[in-house]
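S.K.: My structure is in model_12.cif, and what it holds is mmCIF, N, CA and C atoms:
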```
data_upload
loop_
_atom_site.label_atom_id
_atom_site.label_comp_id
_atom_site.auth_asym_id
_atom_site.auth_seq_id
_atom_site.Cartn_x
_atom_site.Cartn_y
_atom_site.Cartn_z
N MET A 28 -11.65 -17.17 7.40
CA MET A 28 -11.82 -18.27 6.47
C MET A 28 -10.49 -19.00 6.28
N LYS A 29 -10.50 -20.31 6.42
CA LYS A 29 -9.29 -21.11 6.24
C LYS A 29 -8.94 -21.24 4.78
N LYS A 30 -7.65 -21.15 4.50
CA LYS A 30 -7.13 -21.40 3.16
C LYS A 30 -6.25 -22.64 3.26
N VAL A 31 -6.34 -23.52 2.28
CA VAL A 31 -5.64 -24.80 2.33
C VAL A 31 -4.64 -24.89 1.19
N PHE A 32 -3.45 -25.43 1.51
CA PHE A 32 -2.38 -25.58 0.52
C PHE A 32 -1.75 -26.96 0.67
N MET A 33 -1.42 -27.56 -0.46
CA MET A 33 -0.65 -28.80 -0.43
C MET A 33 0.79 -28.42 -0.11
N CYS A 34 1.42 -29.23 0.75
CA CYS A 34 2.79 -28.90 1.13
C CYS A 34 3.51 -30.16 1.60
N SER A 35 4.79 -29.98 1.87
CA SER A 35 5.59 -31.02 2.49
C SER A 35 6.49 -30.36 3.53
N LEU A 36 6.51 -30.92 4.72
CA LEU A 36 7.40 -30.45 5.77
C LEU A 36 8.78 -31.04 5.51
N CYS A 37 9.79 -30.21 5.57
CA CYS A 37 11.17 -30.68 5.39
C CYS A 37 11.78 -30.89 6.78
N HIS A 38 11.68 -32.13 7.26
CA HIS A 38 12.20 -32.48 8.58
C HIS A 38 12.53 -33.96 8.56
N ASN A 39 13.80 -34.28 8.62
CA ASN A 39 14.24 -35.68 8.51
C ASN A 39 13.64 -36.34 7.28
N GLY A 40 13.66 -35.63 6.19
CA GLY A 40 13.07 -36.09 4.94
C GLY A 40 11.92 -35.18 4.57
N ILE A 41 11.12 -35.62 3.63
CA ILE A 41 9.98 -34.84 3.14
C ILE A 41 8.70 -35.52 3.62
N LEU A 42 7.86 -34.79 4.34
CA LEU A 42 6.62 -35.33 4.88
C LEU A 42 5.44 -34.60 4.27
N GLY A 43 4.68 -35.27 3.43
CA GLY A 43 3.54 -34.66 2.78
C GLY A 43 2.41 -34.37 3.75
N GLY A 44 1.68 -33.32 3.45
CA GLY A 44 0.55 -32.96 4.30
C GLY A 44 -0.17 -31.74 3.76
N GLY A 45 -0.91 -31.11 4.62
CA GLY A 45 -1.66 -29.92 4.25
C GLY A 45 -1.28 -28.76 5.14
N LEU A 46 -1.32 -27.58 4.58
CA LEU A 46 -1.05 -26.36 5.33
C LEU A 46 -2.33 -25.54 5.34
N TYR A 47 -2.76 -25.18 6.52
CA TYR A 47 -4.00 -24.44 6.70
C TYR A 47 -3.65 -23.06 7.23
N LEU A 48 -4.20 -22.04 6.61
CA LEU A 48 -3.90 -20.66 6.98
C LEU A 48 -5.20 -19.95 7.32
N ASP A 49 -5.24 -19.32 8.50
CA ASP A 49 -6.39 -18.48 8.85
C ASP A 49 -5.87 -17.25 9.59
N GLU A 50 -6.77 -16.49 10.20
CA GLU A 50 -6.37 -15.23 10.82
C GLU A 50 -5.55 -15.41 12.09
N HIS A 51 -5.43 -16.65 12.59
CA HIS A 51 -4.71 -16.90 13.83
C HIS A 51 -3.38 -17.62 13.66
N ALA A 52 -3.30 -18.54 12.69
CA ALA A 52 -2.13 -19.40 12.62
C ALA A 52 -1.95 -20.06 11.26
N VAL A 53 -0.76 -20.58 11.07
CA VAL A 53 -0.45 -21.49 9.97
C VAL A 53 -0.35 -22.86 10.63
N VAL A 54 -1.16 -23.81 10.16
CA VAL A 54 -1.20 -25.13 10.77
C VAL A 54 -0.83 -26.18 9.73
N TYR A 55 0.14 -27.04 10.09
CA TYR A 55 0.54 -28.16 9.22
C TYR A 55 -0.08 -29.42 9.80
N ARG A 56 -0.70 -30.21 8.95
CA ARG A 56 -1.28 -31.49 9.39
C ARG A 56 -0.86 -32.60 8.44
N THR A 57 -0.55 -33.74 9.03
CA THR A 57 -0.26 -34.95 8.27
C THR A 57 -0.91 -36.13 8.98
N GLN A 58 -1.23 -37.16 8.24
CA GLN A 58 -1.84 -38.35 8.82
C GLN A 58 -0.81 -39.47 9.00
N LYS A 59 0.46 -39.19 8.77
CA LYS A 59 1.49 -40.22 8.88
C LYS A 59 1.76 -40.54 10.36
N LEU A 60 1.50 -41.75 10.73
CA LEU A 60 1.64 -42.16 12.13
C LEU A 60 3.09 -42.33 12.56
N THR A 61 4.00 -42.47 11.60
CA THR A 61 5.41 -42.66 11.95
C THR A 61 6.10 -41.34 12.29
N VAL A 62 5.40 -40.23 12.13
CA VAL A 62 5.97 -38.91 12.40
C VAL A 62 5.80 -38.59 13.88
N ASP A 63 6.78 -37.93 14.45
CA ASP A 63 6.70 -37.45 15.82
C ASP A 63 5.40 -36.66 16.01
N LYS A 64 4.70 -36.89 17.12
CA LYS A 64 3.40 -36.24 17.36
C LYS A 64 3.48 -34.72 17.23
N ARG A 65 4.59 -34.16 17.58
CA ARG A 65 4.78 -32.70 17.51
C ARG A 65 4.52 -32.17 16.10
N TYR A 66 4.85 -32.98 15.09
CA TYR A 66 4.73 -32.53 13.70
C TYR A 66 3.44 -32.97 13.03
N ARG A 67 2.63 -33.79 13.66
CA ARG A 67 1.38 -34.24 13.04
C ARG A 67 0.34 -33.12 12.98
N ASN A 68 0.40 -32.21 13.93
CA ASN A 68 -0.54 -31.10 13.98
C ASN A 68 0.25 -29.87 14.48
N LEU A 69 1.15 -29.39 13.66
CA LEU A 69 2.07 -28.31 14.03
C LEU A 69 1.38 -26.96 13.84
N VAL A 70 1.27 -26.19 14.92
CA VAL A 70 0.60 -24.89 14.88
C VAL A 70 1.65 -23.79 15.01
N LEU A 71 1.67 -22.89 14.02
CA LEU A 71 2.56 -21.73 14.04
C LEU A 71 1.70 -20.47 14.14
N PRO A 72 1.50 -19.95 15.36
CA PRO A 72 0.68 -18.75 15.51
C PRO A 72 1.27 -17.58 14.73
N LEU A 73 0.42 -16.82 14.05
CA LEU A 73 0.91 -15.70 13.24
C LEU A 73 1.69 -14.69 14.08
N ASN A 74 1.28 -14.48 15.33
CA ASN A 74 1.98 -13.50 16.16
C ASN A 74 3.32 -14.01 16.68
N LYS A 75 3.64 -15.27 16.45
CA LYS A 75 4.94 -15.86 16.85
C LYS A 75 5.88 -16.04 15.66
N ILE A 76 5.40 -15.72 14.45
CA ILE A 76 6.25 -15.82 13.26
C ILE A 76 6.99 -14.51 13.09
N GLU A 77 8.32 -14.58 13.22
CA GLU A 77 9.15 -13.38 13.09
C GLU A 77 9.23 -12.93 11.64
N ASN A 78 9.54 -13.88 10.75
CA ASN A 78 9.53 -13.58 9.32
C ASN A 78 9.46 -14.88 8.52
N LEU A 79 9.27 -14.70 7.23
CA LEU A 79 9.13 -15.81 6.30
C LEU A 79 10.09 -15.55 5.14
N THR A 80 10.95 -16.52 4.87
CA THR A 80 11.89 -16.40 3.75
C THR A 80 11.66 -17.53 2.77
N TRP A 81 12.09 -17.32 1.53
CA TRP A 81 11.89 -18.30 0.46
C TRP A 81 13.20 -18.63 -0.21
N LYS A 82 13.33 -19.89 -0.62
CA LYS A 82 14.42 -20.38 -1.49
C LYS A 82 13.77 -21.16 -2.60
N GLN A 83 14.39 -21.10 -3.76
CA GLN A 83 13.90 -21.91 -4.88
C GLN A 83 14.96 -22.97 -5.16
N ILE A 84 14.67 -24.20 -4.84
CA ILE A 84 15.59 -25.28 -5.17
C ILE A 84 15.00 -25.90 -6.43
N VAL A 85 14.26 -26.95 -6.33
CA VAL A 85 13.45 -27.45 -7.44
C VAL A 85 12.04 -26.91 -7.27
N PHE A 86 11.60 -26.90 -6.01
CA PHE A 86 10.31 -26.35 -5.64
C PHE A 86 10.55 -25.18 -4.70
N PRO A 87 9.57 -24.30 -4.54
CA PRO A 87 9.74 -23.20 -3.59
C PRO A 87 9.71 -23.70 -2.15
N VAL A 88 10.72 -23.34 -1.38
CA VAL A 88 10.82 -23.75 0.02
C VAL A 88 10.66 -22.52 0.90
N ALA A 89 9.65 -22.55 1.75
CA ALA A 89 9.39 -21.45 2.69
C ALA A 89 9.97 -21.82 4.05
N THR A 90 10.65 -20.87 4.68
CA THR A 90 11.17 -21.07 6.03
C THR A 90 10.48 -20.09 6.95
N PHE A 91 9.77 -20.62 7.93
CA PHE A 91 9.13 -19.80 8.94
C PHE A 91 10.12 -19.65 10.10
N HIS A 92 10.52 -18.42 10.37
CA HIS A 92 11.42 -18.11 11.47
C HIS A 92 10.56 -17.64 12.64
N MET A 93 10.60 -18.38 13.74
CA MET A 93 9.74 -18.10 14.88
C MET A 93 10.47 -17.22 15.89
N THR A 94 9.71 -16.52 16.73
CA THR A 94 10.29 -15.63 17.72
C THR A 94 11.11 -16.38 18.77
N ASP A 95 10.84 -17.68 18.97
CA ASP A 95 11.60 -18.48 19.94
C ASP A 95 12.88 -19.08 19.35
N GLY A 96 13.19 -18.73 18.09
CA GLY A 96 14.41 -19.22 17.45
C GLY A 96 14.22 -20.47 16.61
N GLU A 97 13.08 -21.12 16.70
CA GLU A 97 12.81 -22.31 15.88
C GLU A 97 12.62 -21.91 14.42
N GLU A 98 12.92 -22.85 13.53
CA GLU A 98 12.69 -22.66 12.10
C GLU A 98 11.98 -23.90 11.56
N TYR A 99 11.01 -23.67 10.68
CA TYR A 99 10.27 -24.75 10.06
C TYR A 99 10.29 -24.52 8.56
N LYS A 100 10.69 -25.55 7.80
CA LYS A 100 10.78 -25.43 6.35
C LYS A 100 9.70 -26.28 5.68
N PHE A 101 9.06 -25.67 4.69
CA PHE A 101 8.00 -26.34 3.95
C PHE A 101 8.17 -26.12 2.46
N ILE A 102 7.93 -27.16 1.68
CA ILE A 102 7.74 -26.99 0.25
C ILE A 102 6.25 -26.68 0.11
N ILE A 103 5.94 -25.49 -0.40
CA ILE A 103 4.55 -25.07 -0.54
C ILE A 103 4.23 -24.93 -2.01
N PHE A 104 3.26 -25.71 -2.44
CA PHE A 104 2.84 -25.64 -3.83
C PHE A 104 1.88 -24.47 -3.98
N ASN A 105 1.95 -23.77 -5.09
CA ASN A 105 1.19 -22.54 -5.35
C ASN A 105 1.70 -21.41 -4.45
N LYS A 106 2.99 -21.15 -4.57
CA LYS A 106 3.68 -20.13 -3.78
C LYS A 106 3.00 -18.76 -3.88
N ASN A 107 2.67 -18.33 -5.09
CA ASN A 107 2.10 -16.99 -5.26
C ASN A 107 0.78 -16.83 -4.51
N ARG A 108 -0.08 -17.82 -4.57
CA ARG A 108 -1.35 -17.76 -3.84
C ARG A 108 -1.09 -17.75 -2.33
N PHE A 109 -0.13 -18.57 -1.87
CA PHE A 109 0.18 -18.60 -0.44
C PHE A 109 0.66 -17.23 0.03
N ILE A 110 1.58 -16.62 -0.71
CA ILE A 110 2.11 -15.31 -0.31
C ILE A 110 0.98 -14.29 -0.22
N LYS A 111 0.11 -14.28 -1.21
CA LYS A 111 -1.02 -13.33 -1.21
C LYS A 111 -1.90 -13.54 0.01
N CYS A 112 -2.28 -14.78 0.28
CA CYS A 112 -3.14 -15.09 1.42
C CYS A 112 -2.44 -14.80 2.75
N TYR A 113 -1.16 -15.15 2.85
CA TYR A 113 -0.40 -14.92 4.08
C TYR A 113 -0.31 -13.43 4.39
N GLU A 114 -0.02 -12.62 3.39
CA GLU A 114 0.07 -11.18 3.59
C GLU A 114 -1.28 -10.59 3.99
N GLU A 115 -2.36 -11.10 3.43
CA GLU A 115 -3.70 -10.63 3.81
C GLU A 115 -3.98 -10.95 5.28
N GLU A 116 -3.63 -12.15 5.72
CA GLU A 116 -3.89 -12.54 7.11
C GLU A 116 -3.02 -11.76 8.09
N ARG A 117 -1.80 -11.46 7.70
CA ARG A 117 -0.89 -10.70 8.58
C ARG A 117 -1.37 -9.27 8.78
N LYS A 118 -2.09 -8.71 7.82
CA LYS A 118 -2.59 -7.34 7.93
C LYS A 118 -3.73 -7.23 8.92
N CYS A 119 -4.46 -8.33 9.13
CA CYS A 119 -5.65 -8.28 10.01
C CYS A 119 -5.28 -8.07 11.46
#
```
Taking this structure as input, can you express it in the form of structure tokens?
M.R.:
Amino acid sequence: MKKVFMCSLCHNGILGGGLYLDEHAVVYRTQKLTVDKRYRNLVLPLNKIENLTWKQIVFPVATFHMTDGEEYKFIIFNKNRFIKCYEEERKC
């Protein structure tokens, strides 16, 4: 079952969109046409996520550290619900 979260990608500014979480991946989607195509439908497979770290600036910022060395930062609203859902999906 997909879980949906409001978020913003932190890449050359703040890009609003949605974060979708299911048993296979974390997917970021935005409808902004001015964004590089790579980021309009960004798929982060759960088996490629090395770890997830958090910082609290004004909003909670999650950093996904990928096995290939890439990092993706998101402001995720409803941090506690996201952590709970993410941990549940990682256990599967």
S.K.: Rank nothing, just name the residue among A:Ile41, A:Ile84, A:Glu116, A:Lys59 nearest to Pro72 of chain A, using only C-alpha atoms.
M.R.: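 The closest residue to Pro72 of chain A is A:Glu116.
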S.K.: Can you list, as number ranges by chain, the residues that the PyMOL selection byres (((chain A and resi 117 and name CA) around 9) and name CA) selects here?
M.R.: A: 50-51, 73-74, 112-116, 118-119
S.K.: Box in all listed atoms of segment 87-97 of chain A, axis-aligned, with 4 Å more on each side; write out centre and edge lengths in Å to one decimal as lines of an AutoDock Vina configuration file.
M.R.:
```
center_x = 11.8
center_y = -20.0
center_z = 7.7
size_x = 13.3
size_y = 16.7
size_z = 32.5
```
S.K.: What are the DSSP alpha helix (DSSP H) residues of chain A, as a PyMOL selection string?
M.R.: chain A and resi 64-67+106-118
S.K.: Could you produce a table of the residues of segment 33-85 of chain A lying within 6 Å of segment 89-103 of chain A, with the nearest pair of atoms per residue and their separation in Å rounded to one decimal, using all atoms listed in the file, ordered by chain and increasing residue number, as a tab-separated table?
M.R.:
```
residue	atom	partner	partner_atom	distance
A:Met33	C	A:Ile103	CA	5.1
A:Cys34	CA	A:Ile102	C	4.2
A:Ser35	C	A:Ile102	N	4.0
A:Leu36	CA	A:Phe101	CA	4.5
A:Cys37	N	A:Lys100	C	3.9
A:Lys75	C	A:Thr94	N	4.0
A:Ile76	CA	A:Met93	CA	4.5
A:Glu77	N	A:His92	C	3.8
A:Asn78	C	A:His92	N	4.1
A:Leu79	CA	A:Thr90	C	4.5
A:Thr80	C	A:Thr90	N	4.0
A:Trp81	CA	A:Ala89	CA	4.6
A:Lys82	N	A:Ala89	N	5.1
```
S.K.: In Å, rounded to a single decimal, give me how far atom N of Lys29 of chain A is from atom CA of Phe104 of chain A.
M.R.: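 Spanning atom CA of Phe104 of chain A to atom N of Lys29 of chain A is a straight-line distance of 17.6 Å.
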S.K.: Name the closest residue to Val70 of chain A among the candidates A:Met28, A:Ala52, A:Leu42, A:Val88; distances are taken between atoms, counting all atoms listed in the file.
M.R.: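 Selected residue with least distance to Val70 of chain A: A:Ala52.
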S.K.: May I ask for the distance between atom N of Gly44 of chain A and atom CA of Tyr66 of chain A, given in Å to one decimal place?
M.R.: 10.7 Å
S.K.: Would you compute the distance between atom N of Leu46 of chain A and atom N of Phe32 of chain A? Give it in Å to one decimal.
M.R.: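 Between atom N of Leu46 of chain A and atom N of Phe32 of chain A the gap is 4.3 Å.
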S.K.: Considering only strand (DSSP E) as DSSP defines it on the backbone, what residues of segment 44-117 of chain A qualify? List them as a ChimeraX atom specification.
M.R.: /A:44-48,52-56,68-72,76-83,87-93,98-103
